[in-house]
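One file, my_file-v4.tsv, is given below (TSV, C-alpha atoms and all ligand atoms).
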chain	number	residue	atom	x	y	z
A	290	MET	CA	-53.21	-25.98	6.99
A	291	LYS	CA	-50.28	-27.38	8.92
A	292	ASN	CA	-48.43	-27.77	5.66
A	293	ALA	CA	-49.08	-24.11	4.66
A	294	ALA	CA	-47.81	-22.83	8.04
A	295	ALA	CA	-44.66	-24.91	7.69
A	296	LYS	CA	-44.13	-23.52	4.18
A	297	THR	CA	-44.58	-19.92	5.42
A	298	LYS	CA	-42.11	-20.55	8.24
A	299	ALA	CA	-39.58	-22.02	5.84
A	300	ALA	CA	-40.01	-19.07	3.46
A	301	ALA	CA	-39.52	-16.61	6.32
A	302	GLY	CA	-36.38	-18.48	7.41
A	303	LEU	CA	-35.07	-18.38	3.86
A	304	LEU	CA	-35.73	-14.64	3.70
A	305	VAL	CA	-33.74	-14.10	6.90
A	306	LEU	CA	-30.86	-16.15	5.49
A	307	ILE	CA	-30.91	-14.23	2.20
A	308	THR	CA	-30.96	-10.89	4.08
A	309	LEU	CA	-28.03	-11.97	6.27
A	310	PHE	CA	-26.09	-13.21	3.23
A	311	CYS	CA	-26.74	-9.98	1.31
A	312	SER	CA	-25.73	-7.75	4.22
A	313	ALA	CA	-22.51	-9.75	4.60
A	314	CYS	CA	-21.78	-9.24	0.87
A	315	GLU	CA	-22.89	-5.60	0.79
A	316	THR	CA	-20.08	-3.82	2.54
A	317	GLY	CA	-20.74	-0.40	1.05
A	318	ASN	CA	-18.80	2.12	-0.98
A	319	THR	CA	-15.97	2.60	1.50
A	320	ASP	CA	-15.06	-1.09	1.47
A	321	ARG	CA	-15.56	-1.35	-2.27
A	322	THR	CA	-13.22	1.60	-2.84
A	323	LEU	CA	-10.65	0.23	-0.38
A	324	ARG	CA	-10.69	-3.18	-2.08
A	325	PHE	CA	-10.22	-1.51	-5.46
A	326	SER	CA	-7.39	0.62	-4.02
A	327	ALA	CA	-5.67	-2.51	-2.69
A	328	LYS	CA	-5.77	-4.23	-6.10
A	329	GLN	CA	-4.66	-1.13	-7.96
A	330	THR	CA	-1.76	-0.34	-5.59
A	331	GLU	CA	-0.58	-3.94	-5.57
A	332	ALA	CA	-0.48	-3.71	-9.40
A	333	LEU	CA	1.42	-0.41	-9.07
A	334	TYR	CA	3.94	-2.20	-6.90
A	335	GLN	CA	4.30	-4.98	-9.49
A	336	SER	CA	5.30	-2.39	-12.09
A	337	VAL	CA	8.31	-1.27	-9.99
A	338	ARG	CA	9.06	-4.61	-8.34
A	339	ASN	CA	12.02	-5.34	-10.59
A	340	GLN	CA	13.25	-1.74	-10.76
A	341	GLU	CA	15.46	-1.80	-7.68
A	342	GLY	CA	15.92	1.69	-6.18
A	343	ARG	CA	12.96	3.21	-8.06
A	344	LEU	CA	9.68	4.39	-6.52
A	345	PRO	CA	6.34	5.31	-8.13
A	346	ARG	CA	5.89	9.03	-8.73
A	347	SER	CA	3.22	9.80	-11.39
A	348	ALA	CA	2.21	9.07	-15.00
A	349	ASP	CA	3.23	10.84	-18.21
A	350	ALA	CA	0.87	12.21	-20.89
A	351	GLU	CA	0.69	8.76	-22.51
A	352	GLY	CA	-0.30	7.18	-19.20
A	353	ASN	CA	3.08	5.50	-18.62
A	354	LEU	CA	4.43	5.17	-15.09
A	355	VAL	CA	6.97	7.81	-14.01
A	356	THR	CA	9.30	6.80	-11.18
A	357	SER	CA	11.73	8.63	-8.91
A	358	GLY	CA	14.81	7.86	-6.86
A	359	ASP	CA	14.62	7.56	-3.08
A	360	ASP	CA	15.73	11.18	-2.63
A	361	TYR	CA	12.57	12.64	-4.15
A	362	TRP	CA	10.19	14.11	-1.53
A	363	CYS	CA	7.42	11.65	-2.47
A	364	SER	CA	9.50	8.47	-2.25
A	365	GLY	CA	7.78	7.17	0.92
A	366	PHE	CA	4.13	7.59	-0.07
A	367	THR	CA	3.49	4.35	-1.97
A	368	ALA	CA	5.07	2.33	0.83
A	369	GLY	CA	2.72	4.18	3.21
A	370	THR	CA	-0.32	3.48	1.01
A	371	LEU	CA	0.62	-0.20	0.92
A	372	TRP	CA	0.95	-0.26	4.73
A	373	TYR	CA	-2.52	1.28	5.09
A	374	LEU	CA	-3.95	-1.24	2.65
A	375	TYR	CA	-2.21	-4.09	4.46
A	376	GLU	CA	-3.76	-2.79	7.68
A	377	TYR	CA	-7.16	-2.99	5.98
A	378	THR	CA	-6.80	-6.34	4.16
A	379	ARG	CA	-4.20	-8.18	6.29
A	380	ASP	CA	-3.03	-9.55	2.94
A	381	ASP	CA	0.59	-10.73	3.23
A	382	ARG	CA	1.31	-9.83	-0.41
A	383	LEU	CA	0.60	-6.20	0.41
A	384	LYS	CA	2.79	-6.46	3.49
A	385	ALA	CA	5.69	-7.84	1.44
A	386	ALA	CA	5.23	-5.05	-1.12
A	387	ALA	CA	5.15	-2.43	1.67
A	388	GLU	CA	8.32	-3.89	3.22
A	389	ASP	CA	10.14	-3.79	-0.10
A	390	LEU	CA	9.26	-0.15	-0.87
A	391	THR	CA	10.01	0.89	2.72
A	392	ARG	CA	13.46	-0.65	2.45
A	393	ARG	CA	14.06	1.34	-0.75
A	394	VAL	CA	13.89	4.66	1.17
A	395	GLU	CA	16.18	3.46	3.96
A	396	ARG	CA	18.94	6.02	3.23
A	397	GLN	CA	16.56	8.93	3.70
A	398	GLN	CA	16.64	8.62	7.49
A	399	TYR	CA	20.07	10.26	7.26
A	400	THR	CA	19.06	13.09	4.93
A	401	THR	CA	19.87	16.53	6.28
A	402	ASP	CA	19.74	18.65	3.11
A	403	ASN	CA	15.95	19.18	3.08
A	404	HIS	CA	12.93	19.01	5.37
A	405	ASP	CA	11.06	16.24	3.54
A	406	VAL	CA	12.23	13.36	5.75
A	407	GLY	CA	8.89	13.60	7.55
A	408	PHE	CA	7.09	12.62	4.35
A	409	MET	CA	9.71	10.15	3.16
A	410	VAL	CA	10.35	8.31	6.43
A	411	GLY	CA	7.17	9.08	8.39
A	412	CYS	CA	4.79	7.61	5.80
A	413	SER	CA	6.94	4.54	5.12
A	414	TYR	CA	8.85	3.62	8.29
A	415	GLY	CA	6.36	5.35	10.60
A	416	ASN	CA	3.47	3.20	9.38
A	417	ALA	CA	5.73	0.15	9.23
A	418	TYR	CA	6.60	0.57	12.91
A	419	ARG	CA	2.99	1.31	13.89
A	420	LEU	CA	1.83	-1.94	12.30
A	421	THR	CA	4.71	-4.31	13.08
A	422	GLY	CA	6.49	-2.95	16.15
A	423	CYS	CA	9.77	-3.96	14.50
A	424	PRO	CA	12.79	-2.23	16.22
A	425	GLU	CA	14.56	-1.56	12.89
A	426	TYR	CA	11.60	0.58	11.77
A	427	ARG	CA	11.54	2.36	15.12
A	428	ALA	CA	15.24	3.24	14.84
A	429	ALA	CA	14.69	4.72	11.37
A	430	VAL	CA	11.98	7.07	12.68
A	431	VAL	CA	14.27	8.32	15.46
A	432	ASN	CA	17.24	8.69	13.11
A	433	ALA	CA	15.09	10.67	10.67
A	434	ALA	CA	13.97	13.00	13.48
A	435	ARG	CA	17.63	13.49	14.42
A	436	SER	CA	18.40	14.42	10.79
A	437	LEU	CA	15.45	16.81	10.60
A	438	ALA	CA	16.41	18.46	13.90
A	439	THR	CA	19.75	19.55	12.37
A	440	ARG	CA	17.74	21.99	10.23
A	441	PHE	CA	16.18	23.74	13.22
A	442	ASP	CA	17.35	27.28	13.96
A	443	PRO	CA	16.72	28.07	17.64
A	444	VAL	CA	16.98	31.83	17.02
A	445	ARG	CA	14.28	31.95	14.34
A	446	GLY	CA	12.41	29.07	16.02
A	447	VAL	CA	11.74	27.15	12.79
A	448	ILE	CA	13.04	24.27	10.67
A	449	ARG	CA	14.56	25.36	7.36
A	450	SER	CA	12.71	23.77	4.43
A	451	TRP	CA	15.09	24.15	1.49
A	452	ASP	CA	18.72	25.03	0.84
A	453	HIS	CA	18.60	27.31	-2.17
A	454	PRO	CA	20.37	30.63	-2.80
A	455	GLN	CA	17.07	32.13	-4.01
A	456	TRP	CA	16.01	32.42	-0.36
A	457	HIS	CA	17.67	33.34	2.88
A	458	PHE	CA	15.93	30.93	5.27
A	459	PRO	CA	12.83	29.54	3.52
A	460	VAL	CA	10.06	27.79	5.42
A	461	ILE	CA	7.10	26.42	3.49
A	462	ILE	CA	3.71	25.65	4.99
A	463	ASP	CA	4.16	21.99	3.90
A	464	ASN	CA	6.78	21.75	6.66
A	465	MET	CA	3.98	21.48	9.25
A	466	MET	CA	3.55	17.89	8.06
A	467	ASN	CA	7.04	16.92	9.26
A	468	LEU	CA	6.20	17.70	12.87
A	469	GLU	CA	4.33	14.42	13.34
A	470	LEU	CA	7.59	12.51	12.86
A	471	LEU	CA	9.26	14.68	15.53
A	472	CYS	CA	6.48	14.09	18.07
A	473	GLU	CA	6.54	10.35	17.37
A	474	ALA	CA	10.35	10.25	17.72
A	475	SER	CA	10.15	11.87	21.16
A	476	ARG	CA	7.67	9.22	22.25
A	477	LEU	CA	9.83	6.41	20.88
A	478	SER	CA	13.20	7.65	22.12
A	479	GLY	CA	12.25	9.44	25.33
A	480	ASP	CA	14.16	12.49	24.06
A	481	PRO	CA	11.83	15.52	24.47
A	482	SER	CA	13.93	17.80	22.26
A	483	PHE	CA	12.24	16.67	19.01
A	484	ARG	CA	8.83	17.58	20.38
A	485	THR	CA	10.13	20.93	21.65
A	486	ILE	CA	11.30	21.72	18.11
A	487	ALA	CA	7.91	20.69	16.70
A	488	LEU	CA	6.08	23.05	19.07
A	489	SER	CA	8.43	25.93	18.33
A	490	HIS	CA	7.98	25.42	14.59
A	491	ALA	CA	4.17	25.28	14.88
A	492	ASP	CA	4.06	28.40	17.10
A	493	THR	CA	6.34	30.42	14.83
A	494	THR	CA	4.50	29.32	11.67
A	495	LEU	CA	1.23	30.35	13.30
A	496	LYS	CA	2.65	33.82	13.76
A	497	TYR	CA	4.16	34.41	10.33
A	498	HIS	CA	2.46	32.25	7.68
A	499	PHE	CA	-1.20	33.21	8.07
A	500	ARG	CA	-3.29	36.08	6.79
A	501	PRO	CA	-6.22	37.59	8.71
A	502	ASP	CA	-8.73	35.52	6.66
A	503	GLY	CA	-7.12	32.26	7.87
A	504	SER	CA	-5.40	31.43	4.57
A	505	SER	CA	-1.71	30.61	4.46
A	506	CYS	CA	1.01	31.82	2.15
A	507	HIS	CA	3.31	29.16	0.73
A	508	VAL	CA	6.83	30.37	1.59
A	509	VAL	CA	8.04	32.59	4.41
A	510	ASP	CA	11.61	33.67	3.89
A	511	TYR	CA	13.00	34.58	7.29
A	512	GLY	CA	15.72	37.18	6.94
A	513	VAL	CA	18.66	37.78	9.22
A	514	PRO	CA	17.48	37.19	12.80
A	515	GLU	CA	18.70	40.57	14.06
A	516	ASP	CA	16.34	42.63	11.90
A	517	GLY	CA	13.42	40.21	12.28
A	518	ALA	CA	12.45	40.78	8.63
A	519	TYR	CA	10.49	38.18	6.75
A	520	ARG	CA	8.98	37.95	3.26
A	521	ARG	CA	5.86	36.08	2.20
A	522	GLN	CA	5.92	34.49	-1.22
A	523	THR	CA	4.71	31.61	-3.27
A	524	HIS	CA	6.62	28.96	-5.17
A	525	GLN	CA	3.91	26.53	-6.27
A	526	GLY	CA	0.87	28.78	-6.04
A	527	TYR	CA	-0.65	31.29	-8.46
A	528	ALA	CA	0.66	34.45	-6.73
A	529	ASP	CA	2.37	35.59	-3.53
A	530	GLY	CA	-0.99	36.75	-2.17
A	531	SER	CA	-3.03	33.77	-3.39
A	532	ALA	CA	-4.25	30.67	-1.54
A	533	TRP	CA	-2.51	27.67	-3.12
A	534	ALA	CA	-4.93	24.81	-2.44
A	535	ARG	CA	-2.45	22.16	-1.29
A	536	GLY	CA	-0.80	24.71	0.99
A	537	GLN	CA	-4.16	25.24	2.72
A	538	ALA	CA	-4.52	21.46	2.94
A	539	TRP	CA	-1.10	21.01	4.57
A	540	ALA	CA	-1.91	23.81	7.02
A	541	LEU	CA	-5.27	22.29	7.98
A	542	TYR	CA	-3.82	18.82	8.39
A	543	GLY	CA	-0.73	20.13	10.22
A	544	TYR	CA	-2.58	22.08	12.92
A	545	THR	CA	-5.19	19.34	13.39
A	546	MET	CA	-2.39	16.81	13.90
A	547	MET	CA	-0.50	19.16	16.25
A	548	PHE	CA	-3.65	19.56	18.35
A	549	ARG	CA	-3.86	15.75	18.58
A	550	GLU	CA	-0.22	15.68	19.69
A	551	THR	CA	-0.30	18.53	22.21
A	552	ARG	CA	-3.94	19.46	23.02
A	553	LYS	CA	-2.88	23.13	22.73
A	554	PRO	CA	-6.15	25.04	22.11
A	555	GLU	CA	-4.38	27.52	19.77
A	556	TYR	CA	-3.70	24.71	17.30
A	557	ARG	CA	-7.31	23.55	17.22
A	558	ALA	CA	-8.46	27.16	16.85
A	559	GLN	CA	-6.06	27.64	13.93
A	560	ALA	CA	-7.21	24.40	12.26
A	561	MET	CA	-10.82	25.58	12.58
A	562	LYS	CA	-9.95	28.97	11.13
A	563	ILE	CA	-8.32	27.30	8.12
A	564	ALA	CA	-11.33	24.98	7.73
A	565	ARG	CA	-13.61	28.04	7.76
A	566	PHE	CA	-11.51	29.65	5.05
A	567	ILE	CA	-11.61	26.53	2.85
A	568	LEU	CA	-15.23	25.49	3.36
A	569	GLY	CA	-16.58	29.06	3.25
A	570	HIS	CA	-14.61	30.06	0.16
A	571	PRO	CA	-16.91	31.31	-2.61
A	572	ARG	CA	-14.74	29.51	-5.18
A	573	LEU	CA	-14.87	26.09	-3.54
A	574	PRO	CA	-16.88	24.00	-6.01
A	575	ALA	CA	-20.04	22.23	-4.79
A	576	ASP	CA	-18.29	18.82	-4.85
A	577	LYS	CA	-15.62	20.37	-2.56
A	578	ILE	CA	-12.56	19.37	-4.60
A	579	PRO	CA	-10.66	22.67	-4.83
A	580	TYR	CA	-9.10	24.31	-7.85
A	581	TRP	CA	-5.31	23.95	-7.69
A	582	ASP	CA	-5.24	27.51	-6.28
A	583	PHE	CA	-8.31	29.22	-4.83
A	584	ASP	CA	-7.33	32.37	-6.76
A	585	ALA	CA	-6.26	30.76	-10.04
A	586	PRO	CA	-8.02	32.22	-13.07
A	587	GLY	CA	-9.78	29.98	-15.58
A	588	CYS	CA	-8.37	29.55	-19.06
A	589	ASP	CA	-10.11	29.64	-22.49
A	590	GLY	CA	-13.50	29.92	-20.84
A	591	LYS	CA	-12.75	26.85	-18.70
A	592	GLU	CA	-12.54	26.56	-14.92
A	593	PRO	CA	-9.06	26.22	-13.39
A	594	LEU	CA	-7.92	22.62	-12.94
A	595	ARG	CA	-8.91	20.79	-9.80
A	596	ASP	CA	-6.35	19.26	-7.45
A	597	ALA	CA	-7.47	15.84	-6.19
A	598	SER	CA	-4.47	15.68	-3.85
A	599	ALA	CA	-5.62	18.81	-1.99
A	600	GLY	CA	-9.15	17.34	-1.82
A	601	ALA	CA	-7.85	14.09	-0.32
A	602	ILE	CA	-5.61	15.79	2.26
A	603	ILE	CA	-8.42	18.17	3.32
A	604	ALA	CA	-10.91	15.28	3.62
A	605	SER	CA	-8.59	13.27	5.84
A	606	ALA	CA	-7.82	16.32	8.01
A	607	LEU	CA	-11.50	17.29	8.36
A	608	LEU	CA	-12.37	13.78	9.50
A	609	GLU	CA	-9.83	14.05	12.31
A	610	LEU	CA	-10.82	17.63	13.14
A	611	SER	CA	-14.46	16.51	13.47
A	612	THR	CA	-13.40	14.40	16.46
A	613	PHE	CA	-12.07	17.53	18.21
A	614	ALA	CA	-15.10	19.74	17.47
A	615	GLU	CA	-18.48	20.20	19.14
A	616	GLU	CA	-21.70	19.65	17.22
A	617	PRO	CA	-22.91	21.11	14.89
A	618	LEU	CA	-19.43	22.07	13.65
A	619	ALA	CA	-18.29	18.44	13.82
A	620	GLU	CA	-21.17	17.50	11.53
A	621	THR	CA	-20.16	20.26	9.07
A	622	TYR	CA	-16.66	18.77	8.88
A	623	ARG	CA	-17.94	15.20	8.51
A	624	GLU	CA	-20.38	16.20	5.77
A	625	ALA	CA	-17.73	18.14	3.82
A	626	ALA	CA	-15.28	15.24	4.07
A	627	LYS	CA	-17.98	12.80	3.01
A	628	THR	CA	-18.73	14.90	-0.09
A	629	GLN	CA	-15.02	15.02	-0.93
A	630	VAL	CA	-14.49	11.28	-0.48
A	631	ALA	CA	-17.64	10.47	-2.47
A	632	THR	CA	-16.48	12.78	-5.28
A	633	LEU	CA	-13.00	11.26	-5.34
A	634	ALA	CA	-14.49	7.75	-5.32
A	635	SER	CA	-16.74	8.60	-8.29
A	636	PRO	CA	-15.78	7.94	-11.93
A	637	ALA	CA	-14.84	11.63	-12.22
A	638	TYR	CA	-11.66	10.95	-10.20
A	639	LEU	CA	-11.30	7.23	-9.47
A	640	ALA	CA	-9.29	5.31	-12.04
A	641	THR	CA	-10.65	2.20	-13.66
A	642	ALA	CA	-8.82	-1.10	-13.08
A	643	ALA	CA	-5.40	-1.31	-14.73
A	644	SER	CA	-5.61	2.27	-16.06
A	645	ASN	CA	-3.93	5.45	-14.76
A	646	ALA	CA	-0.57	3.62	-14.51
A	647	HIS	CA	-2.19	1.77	-11.57
A	648	PHE	CA	-2.58	4.86	-9.39
A	649	ILE	CA	-5.93	5.17	-7.60
A	650	LEU	CA	-6.86	8.80	-8.30
A	651	ARG	CA	-6.69	10.96	-11.39
A	652	HIS	CA	-6.56	14.77	-11.71
A	653	SER	CA	-3.97	16.15	-9.32
A	654	VAL	CA	-1.71	19.13	-9.87
A	655	GLY	CA	1.93	19.01	-8.72
A	656	HIS	CA	3.65	22.25	-9.69
A	657	PHE	CA	1.54	24.43	-11.96
A	658	PRO	CA	3.90	27.43	-12.28
A	659	HIS	CA	6.70	25.08	-13.42
A	660	ARG	CA	4.30	23.33	-15.84
A	661	SER	CA	5.14	20.10	-14.06
A	662	GLU	CA	2.72	17.28	-13.10
A	663	ILE	CA	-0.46	18.95	-14.27
A	664	ASP	CA	-3.69	16.92	-14.17
A	665	VAL	CA	-1.94	13.66	-13.35
A	666	PRO	CA	-2.03	10.92	-10.71
A	667	LEU	CA	0.23	11.59	-7.71
A	668	THR	CA	1.34	9.27	-4.91
A	669	TYR	CA	0.29	11.60	-2.12
A	670	ALA	CA	-3.26	11.97	-3.49
A	671	ASP	CA	-3.57	8.17	-3.19
A	672	TYR	CA	-1.98	8.05	0.27
A	673	TYR	CA	-4.30	10.62	1.87
A	674	PHE	CA	-7.34	9.26	0.01
A	675	VAL	CA	-6.77	5.78	1.47
A	676	GLU	CA	-6.14	7.36	4.90
A	677	ALA	CA	-9.45	9.26	4.57
A	678	LEU	CA	-11.29	6.04	3.64
A	679	LEU	CA	-9.88	4.31	6.72
A	680	ARG	CA	-10.89	7.27	8.89
A	681	MET	CA	-14.41	7.10	7.39
A	682	LYS	CA	-14.60	3.46	8.46
A	683	GLN	CA	-13.26	4.22	11.92
A	684	LEU	CA	-15.86	6.97	12.39
A	685	LYS	CA	-18.59	4.78	10.84
A	686	ILE	CA	-19.38	7.39	8.19
A	687	LYS	CA	-20.89	5.93	5.04
A	688	PHE	CA	-21.07	7.50	1.61
B	701	LIG	N1	5.53	19.53	-0.58
B	701	LIG	C1	5.41	19.86	-1.94
B	701	LIG	C2	4.04	19.86	-2.49
B	701	LIG	O1	3.06	19.83	-1.78
B	701	LIG	O2	3.93	19.90	-3.69
What does the file become when written as C-alpha cells?
Ligand code: GLY
Amino acid sequence: MKNAAAKTKAAAGLLVLITLFCSACETGNTDRTLRFSAKQTEALYQSVRNQEGRLPRSADAEGNLVTSGDDYWCSGFTAGTLWYLYEYTRDDRLKAAAEDLTRRVERQQYTTDNHDVGFMVGCSYGNAYRLTGCPEYRAAVVNAARSLATRFDPVRGVIRSWDHPQWHFPVIIDNMMNLELLCEASRLSGDPSFRTIALSHADTTLKYHFRPDGSSCHVVDYGVPEDGAYRRQTHQGYADGSAWARGQAWALYGYTMMFRETRKPEYRAQAMKIARFILGHPRLPADKIPYWDFDAPGCDGKEPLRDASAGAIIASALLELSTFAEEPLAETYREAAKTQVATLASPAYLATAASNAHFILRHSVGHFPHRSEIDVPLTYADYYFVEALLRMKQLKIKF
C-alpha cells in the first residue's frame, strides 16, 4: 500500500515536471515565427555581407536577391529588422549584422533631395540608438531631421516629398511616416522646431489628403501658395480616386503614431476613421490582407494581387491603436491584427527556410502601375511584420 502511494506520488511529480518542461519548450506561434525571422534575416545579411555599399531590396522572378544602393528609399529597413530581431534574441551576431547595415546608410542623414530620410535613418539609426544609447547613432537621427526640415515650406505647411518637374509641390501620404523621426529628434536635441514641423505637416495632410469616407489619396500636388489650389492624384495606386492599400496603411500608422507623440485627439480620431474605412471595406478579404489597391479590378477571372506589406503595416498600426481605444473597439483592432499576423505567418505568405532570397514574407506589391516589384518579397513588409510580432508579444496577444 505504502509502495503504491509512493509510486503515485512519483508519477504525479513526473507529470508536473513534464508539464513544466513542455510549457517551457512551447513558446507559441509568435516566438516560433520570430525565431524563424531571426534565422532568415541573418541569412539575408550573409548574402550581402561581402557586398560593401549594397543593401537588400527584393528578389527577381528567379528568386535571386536584388540589392540597392544606400540612396534607395528602402535602404534602412533590413538594418531595422535586424535591430528588432536583436532586441528579441539578444544574439550578438544579429547586433553585428545590424551595426554593419546601419553603417552602410550613414550618408543618408545628410540627404536633402527627398523626404525618405525618415525611413532610411529612422528605421536603422533610430532603432540603433533606442537599443544602444550610442551618441553616434543619436547624432545621425538629429542630422537626418535637420536634412528633412530643409524640405518644409512654412507657407504651405508641409514637407515636400519629391523633386520632380511632373509636380509643383508634391506631398504623398507616405510622408506621414517621416514625422516620427522629427518628433524623436526634438526629444534628443531639445530643439522644438522639428516637432513643430511634424505637427504642421500632420494638420495640413489631415485637411487635404482625405476623402469623406476616410480613405486617403496618394499624392497631393500643392500649387502656388497664393491661389491655394491643390490637385489629388495617384502615382502608385490604381486611379486618382482609388484607395491604394499601402497608402491607407501609411495613413493609419502615421496618425496612430502622431497621436502617441502628441495626444492630439484629432489624430486618434483620424486614425480610427481610417481603420473604419479599411476594416469595413466590402473588398477587404476575410483574412484581412488587402488587395494592392482596394479598387483594383481582377484580371483573367482572378482576384487582384494581395499586398503583404500593406497587411503588415496595418497590423502593426492596429496593435498600437488598440492601446488608445476603448473596448469593444480595442478588441476589434486586436482581433483584426491577430488575423492579419496569423495569415502572414501561415504558409500562404511566410517563406520556407532558405527560400525567398532569405526574406521573411512573400507576396508584396511595390509599384503596380510601373510593373515593378509585383508579387515579390520587400524589405518593409518584413520590417513591419517583425514589429507587429513584437507588439503582439508586448500586448500578450497569441495567435
Ligand atoms: N513610399 C513608397 C511606397 O510605399 O511604395
Within 12 Å of Cys363 of chain A, counting only C-alpha atoms, which residues show up once you throw out same-chain ones fewer than 3 positions away? Write them as a ChimeraX atom specification, please. /A:343-347,356-360,366-370,394,397,405-413,655,667-672
Tell me which protein, DNA and RNA residues are within 9 Å of segment 374-387 of chain A, counting all atoms listed in the file, leaving out same-chain ones fewer than 3 positions away, and put them as a VMD selection string. chain A and resid 323 to 324 326 to 327 330 to 331 334 to 335 338 367 to 371 390 to 392 413 417 420 675 679
Go through A:Asp442, A:Glu388, A:Asp480, A:Glu395 one by one, measure the shortest atom-to-atom distance of each to Cys423 of chain A using all atoms listed in the file, and give the residue with the smallest value. A:Glu388
What residues have any atom no more than 12 Å from ligand LIG 701 (chain B) when counting only C-alpha atoms and all ligand atoms, and can you list them as a ChimeraX atom specification? /A:361-364,403-409,450-451,460-467,507-508,523-526,533-540,581,596,598-599,602,653-659,661-663,667-670
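When atom CA of Phe613 of chain A is paired with atom CA of Ala474 of chain A, their separation reads 23.6 Å.
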Write out as a Markdown table the residues of segment 391-472 of chain A that have any atom within 8 Å of an atom of segment 482-505 of chain A, one row each with the nearest atom pair and its distance in Å to one decimal, counting only C-alpha atoms, sorted by chain and then rising number.
| residue | atom | partner | partner_atom | distance |
| --- | --- | --- | --- | --- |
| A:Ala434 | CA | A:Phe483 | CA | 6.9 |
| A:Arg435 | CA | A:Phe483 | CA | 7.8 |
| A:Ala438 | CA | A:Phe483 | CA | 6.8 |
| A:Phe441 | CA | A:Ile486 | CA | 7.2 |
| A:Gly446 | CA | A:Ser489 | CA | 5.6 |
| A:Val447 | CA | A:His490 | CA | 4.5 |
| A:Ile448 | CA | A:His490 | CA | 6.5 |
| A:Ile462 | CA | A:His498 | CA | 7.2 |
| A:Met465 | CA | A:Ala491 | CA | 6.8 |
| A:Leu468 | CA | A:Ala487 | CA | 5.2 |
| A:Glu469 | CA | A:Ala487 | CA | 8.0 |
| A:Leu471 | CA | A:Phe483 | CA | 5.0 |
| A:Cys472 | CA | A:Arg484 | CA | 4.8 |
